[in-house]
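> If it helps, the file is called data-v4.txt and holds compact mmCIF, N, CA and C atoms:
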# COMPACT_ATOMS: atom_id res chain seq x y z
N LEU A 1 92.00 118.39 93.05
CA LEU A 1 92.51 118.66 94.38
C LEU A 1 92.68 117.33 95.10
N GLU A 2 93.77 117.23 95.84
CA GLU A 2 93.99 116.01 96.59
C GLU A 2 94.44 116.34 98.00
N VAL A 3 94.21 115.39 98.90
CA VAL A 3 94.65 115.52 100.28
C VAL A 3 95.57 114.34 100.61
N LYS A 4 96.49 114.57 101.51
CA LYS A 4 97.41 113.52 101.95
C LYS A 4 96.71 112.69 103.02
N PRO A 5 96.53 111.37 102.79
CA PRO A 5 95.88 110.54 103.81
C PRO A 5 96.81 110.36 105.01
N THR A 6 96.22 110.23 106.20
CA THR A 6 97.02 110.07 107.41
C THR A 6 97.09 108.63 107.89
N SER A 7 96.18 107.78 107.41
CA SER A 7 96.20 106.37 107.79
C SER A 7 95.57 105.53 106.68
N PRO A 8 95.86 104.23 106.67
CA PRO A 8 95.26 103.36 105.63
C PRO A 8 93.74 103.39 105.62
N SER A 9 93.12 103.67 106.75
CA SER A 9 91.64 103.70 106.79
C SER A 9 91.08 104.91 106.04
N ASP A 10 91.93 105.88 105.69
CA ASP A 10 91.48 107.03 104.91
C ASP A 10 91.22 106.67 103.45
N ILE A 11 91.74 105.52 103.01
CA ILE A 11 91.60 105.08 101.62
C ILE A 11 90.41 104.15 101.52
N LYS A 12 89.46 104.51 100.67
CA LYS A 12 88.23 103.73 100.51
C LYS A 12 88.15 103.15 99.10
N LEU A 13 87.40 102.08 98.97
CA LEU A 13 87.12 101.48 97.67
C LEU A 13 86.50 102.54 96.76
N GLY A 14 87.01 102.68 95.56
CA GLY A 14 86.50 103.67 94.61
C GLY A 14 87.24 104.99 94.63
N ASP A 15 88.08 105.22 95.65
CA ASP A 15 88.85 106.46 95.71
C ASP A 15 89.84 106.52 94.55
N ILE A 16 90.13 107.71 94.11
CA ILE A 16 91.18 107.94 93.12
C ILE A 16 92.41 108.39 93.91
N ILE A 17 93.51 107.66 93.73
CA ILE A 17 94.72 107.96 94.48
C ILE A 17 95.86 108.31 93.53
N ALA A 18 96.80 109.09 94.04
CA ALA A 18 98.04 109.39 93.34
C ALA A 18 99.13 108.65 94.10
N TYR A 19 99.90 107.82 93.38
CA TYR A 19 100.93 107.04 94.06
C TYR A 19 102.20 106.96 93.23
N LYS A 20 103.30 106.74 93.94
CA LYS A 20 104.59 106.49 93.29
C LYS A 20 104.74 105.00 93.13
N GLN A 21 105.12 104.58 91.92
CA GLN A 21 105.25 103.16 91.65
C GLN A 21 106.40 102.55 92.45
N ASN A 22 107.48 103.32 92.64
CA ASN A 22 108.58 102.87 93.49
C ASN A 22 109.32 104.09 94.02
N ASN A 23 110.18 103.87 95.01
CA ASN A 23 110.88 104.98 95.66
C ASN A 23 111.90 105.66 94.77
N ASN A 24 112.35 104.99 93.74
CA ASN A 24 113.38 105.54 92.86
C ASN A 24 112.81 106.39 91.74
N SER A 25 111.52 106.51 91.67
CA SER A 25 110.88 107.20 90.55
C SER A 25 110.17 108.46 91.04
N ASN A 26 110.19 109.49 90.21
CA ASN A 26 109.41 110.69 90.49
C ASN A 26 108.06 110.65 89.79
N ASP A 27 107.81 109.58 89.03
CA ASP A 27 106.55 109.45 88.30
C ASP A 27 105.40 109.19 89.26
N ILE A 28 104.34 109.96 89.11
CA ILE A 28 103.13 109.79 89.92
C ILE A 28 102.06 109.20 89.01
N ILE A 29 101.41 108.14 89.49
CA ILE A 29 100.32 107.48 88.76
C ILE A 29 99.03 107.79 89.49
N ILE A 30 97.99 108.14 88.74
CA ILE A 30 96.69 108.44 89.34
C ILE A 30 95.68 107.42 88.82
N HIS A 31 95.26 106.52 89.72
CA HIS A 31 94.32 105.45 89.37
C HIS A 31 93.31 105.24 90.50
N ARG A 32 92.26 104.50 90.18
CA ARG A 32 91.18 104.24 91.13
C ARG A 32 91.42 102.95 91.91
N VAL A 33 91.09 102.96 93.20
CA VAL A 33 91.20 101.78 94.05
C VAL A 33 90.03 100.84 93.73
N ILE A 34 90.35 99.61 93.30
CA ILE A 34 89.30 98.65 92.95
C ILE A 34 89.23 97.49 93.95
N ASN A 35 90.22 97.39 94.83
CA ASN A 35 90.20 96.34 95.84
C ASN A 35 91.15 96.72 96.97
N ILE A 36 90.77 96.36 98.18
CA ILE A 36 91.62 96.56 99.35
C ILE A 36 91.78 95.20 100.00
N ASN A 37 93.04 94.81 100.23
CA ASN A 37 93.31 93.49 100.76
C ASN A 37 94.47 93.56 101.73
N GLN A 38 94.85 92.41 102.27
CA GLN A 38 95.93 92.35 103.23
C GLN A 38 96.74 91.08 103.01
N ASP A 39 98.05 91.19 103.19
CA ASP A 39 98.92 90.03 103.14
C ASP A 39 99.91 90.11 104.31
N SER A 40 100.96 89.33 104.27
CA SER A 40 101.91 89.30 105.39
C SER A 40 102.63 90.63 105.60
N GLU A 41 102.65 91.49 104.58
CA GLU A 41 103.28 92.80 104.69
C GLU A 41 102.30 93.90 105.12
N GLY A 42 101.02 93.57 105.21
CA GLY A 42 100.01 94.55 105.62
C GLY A 42 99.00 94.83 104.53
N ILE A 43 98.32 95.94 104.69
CA ILE A 43 97.26 96.34 103.76
C ILE A 43 97.88 96.77 102.43
N TYR A 44 97.21 96.39 101.35
CA TYR A 44 97.60 96.88 100.03
C TYR A 44 96.36 97.17 99.21
N TYR A 45 96.54 97.97 98.17
CA TYR A 45 95.44 98.40 97.32
C TYR A 45 95.70 97.93 95.90
N THR A 46 94.66 97.42 95.27
CA THR A 46 94.71 97.10 93.85
C THR A 46 94.08 98.28 93.14
N VAL A 47 94.78 98.81 92.13
CA VAL A 47 94.29 100.00 91.44
C VAL A 47 94.24 99.76 89.94
N LYS A 48 93.42 100.58 89.27
CA LYS A 48 93.24 100.44 87.82
C LYS A 48 92.86 101.79 87.26
N GLY A 49 93.44 102.12 86.13
CA GLY A 49 93.02 103.32 85.41
C GLY A 49 91.62 103.12 84.86
N ASP A 50 90.81 104.14 84.89
CA ASP A 50 89.42 104.01 84.43
C ASP A 50 89.30 103.52 82.99
N ASN A 51 90.27 103.87 82.14
CA ASN A 51 90.22 103.46 80.74
C ASN A 51 91.08 102.24 80.44
N ASN A 52 91.66 101.63 81.47
CA ASN A 52 92.49 100.44 81.28
C ASN A 52 91.64 99.18 81.39
N GLN A 53 92.02 98.16 80.65
CA GLN A 53 91.29 96.89 80.68
C GLN A 53 91.62 96.06 81.92
N THR A 54 92.84 96.19 82.43
CA THR A 54 93.26 95.37 83.57
C THR A 54 93.83 96.25 84.68
N ALA A 55 93.88 95.67 85.87
CA ALA A 55 94.43 96.36 87.03
C ALA A 55 95.95 96.49 86.90
N ASP A 56 96.51 97.43 87.62
CA ASP A 56 97.96 97.59 87.66
C ASP A 56 98.57 96.31 88.26
N PRO A 57 99.75 95.92 87.80
CA PRO A 57 100.34 94.64 88.23
C PRO A 57 100.98 94.66 89.61
N ILE A 58 101.01 95.82 90.28
CA ILE A 58 101.67 95.88 91.58
C ILE A 58 100.66 96.06 92.71
N LYS A 59 101.07 95.68 93.91
CA LYS A 59 100.31 95.95 95.12
C LYS A 59 100.75 97.32 95.62
N VAL A 60 99.83 98.26 95.70
CA VAL A 60 100.17 99.60 96.15
C VAL A 60 100.04 99.63 97.67
N ARG A 61 101.13 100.02 98.34
CA ARG A 61 101.16 100.12 99.79
C ARG A 61 100.88 101.56 100.21
N PHE A 62 100.37 101.72 101.43
CA PHE A 62 100.01 103.05 101.94
C PHE A 62 101.17 104.04 101.81
N GLU A 63 102.39 103.59 102.06
CA GLU A 63 103.55 104.46 102.03
C GLU A 63 103.81 105.05 100.64
N GLN A 64 103.29 104.41 99.60
CA GLN A 64 103.47 104.90 98.23
C GLN A 64 102.48 105.99 97.86
N ILE A 65 101.39 106.10 98.62
CA ILE A 65 100.30 107.01 98.25
C ILE A 65 100.68 108.44 98.60
N GLN A 66 100.59 109.31 97.59
CA GLN A 66 100.92 110.72 97.73
C GLN A 66 99.69 111.56 98.05
N GLY A 67 98.51 111.09 97.62
CA GLY A 67 97.29 111.86 97.87
C GLY A 67 96.06 111.12 97.40
N VAL A 68 94.91 111.58 97.89
CA VAL A 68 93.60 111.08 97.49
C VAL A 68 92.86 112.23 96.83
N VAL A 69 92.36 112.00 95.63
CA VAL A 69 91.63 113.05 94.93
C VAL A 69 90.29 113.27 95.63
N VAL A 70 90.03 114.55 95.97
CA VAL A 70 88.77 114.90 96.64
C VAL A 70 87.88 115.77 95.76
N ALA A 71 88.46 116.38 94.71
CA ALA A 71 87.66 117.21 93.81
C ALA A 71 88.41 117.39 92.50
N ILE A 72 87.65 117.55 91.45
CA ILE A 72 88.23 117.85 90.13
C ILE A 72 87.57 119.14 89.66
N ILE A 73 88.40 120.10 89.32
CA ILE A 73 87.89 121.40 88.86
C ILE A 73 88.09 121.49 87.36
N TYR A 74 87.01 121.76 86.64
CA TYR A 74 87.09 121.90 85.19
C TYR A 74 87.13 123.36 84.80
Before anything else, please render the file you have as structure tokens.


Amino acid sequence: LEVKPTSPSDIKLGDIIAYKQNNNSNDIIIHRVININQDSEGIYYTVKGDNNQTADPIKVRFEQIQGVVVAIIY
């Protein structure tokens, strides 16, 4: 289950987020937030799949985030 965040402060370190890599893609990536930082464009999130050795190569912006995982039902 996921919820749509309303502001960047809704995203916390360790959260699992669903995001679009770019606006032209319908692909949704679900990875964990491992760092929150800021640059001249604003806040961005560094994310990594739990089973991946390295972080994703892009800076994920709030506008790309589709949801935050709040529960997993087995």

> Give the answer as one residue: which of A:Leu13, A:Ile34, A:Ile29, A:Ala18 has the shortest atom-to-atom distance to Gln66 (chain A), using only N, CA and C atoms?

A:Ala18

> Could you check the closest approach to Ala71 (chain A) for each of A:Ile36, A:Ile11, A:Ile17, A:Leu1 and tell me which residue wins, using only N, CA and C atoms?

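Going through A:Ile36, A:Ile11, A:Ile17, A:Leu1 one by one, the smallest distance to Ala71 (chain A) is for A:Leu1.
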
> Please, what distance in Å, to one decimal, runs between CA of Lys20 (chain A) and CA of Ile73 (chain A)?

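These atoms are spaced 22.8 Å apart.
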
> To one decimal place in Å, what is the distance between atom C of Asn26 (chain A) and atom N of Tyr44 (chain A)?

21.3 Å

> Report as a PyMOL selection string all protein, DNA and RNA residues lying within 8 Å of Pro5 (chain A), evaluated on all atoms listed in the file, omitting residues in the same chain fewer than 4 positions from it.

chain A and resi 9-11+65-68

> Mind the document's chain letters and residue numbers, and return as an MDAnalysis selection string the residues of chain A that DSSP labels strand (DSSP E or B).

chainID A and resid 2:3 16:20 28:39 42:48 60:61 65:69

> Name the closest residue to Lys48 (chain A) among the candidates A:Lys4, A:Lys12, A:Arg61, A:Arg32; distances are taken between atoms, counting all atoms listed in the file.

A:Arg32

> Please compute the CA of Ser25 (chain A)-CA of Tyr74 (chain A) distance, one decimal, in Å.

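Rounded to one decimal, the two atoms are 28.5 Å apart.
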
> Name the residues in contact with Gly42 (chain A) at a cut-off of 12 Å, using only C-alpha atoms, excluding same-chain residues fewer than 6 positions from it; report them as a list in words.

Pro8, Ile36, Lys59, Val60, Arg61, Phe62 and Glu63 of chain A
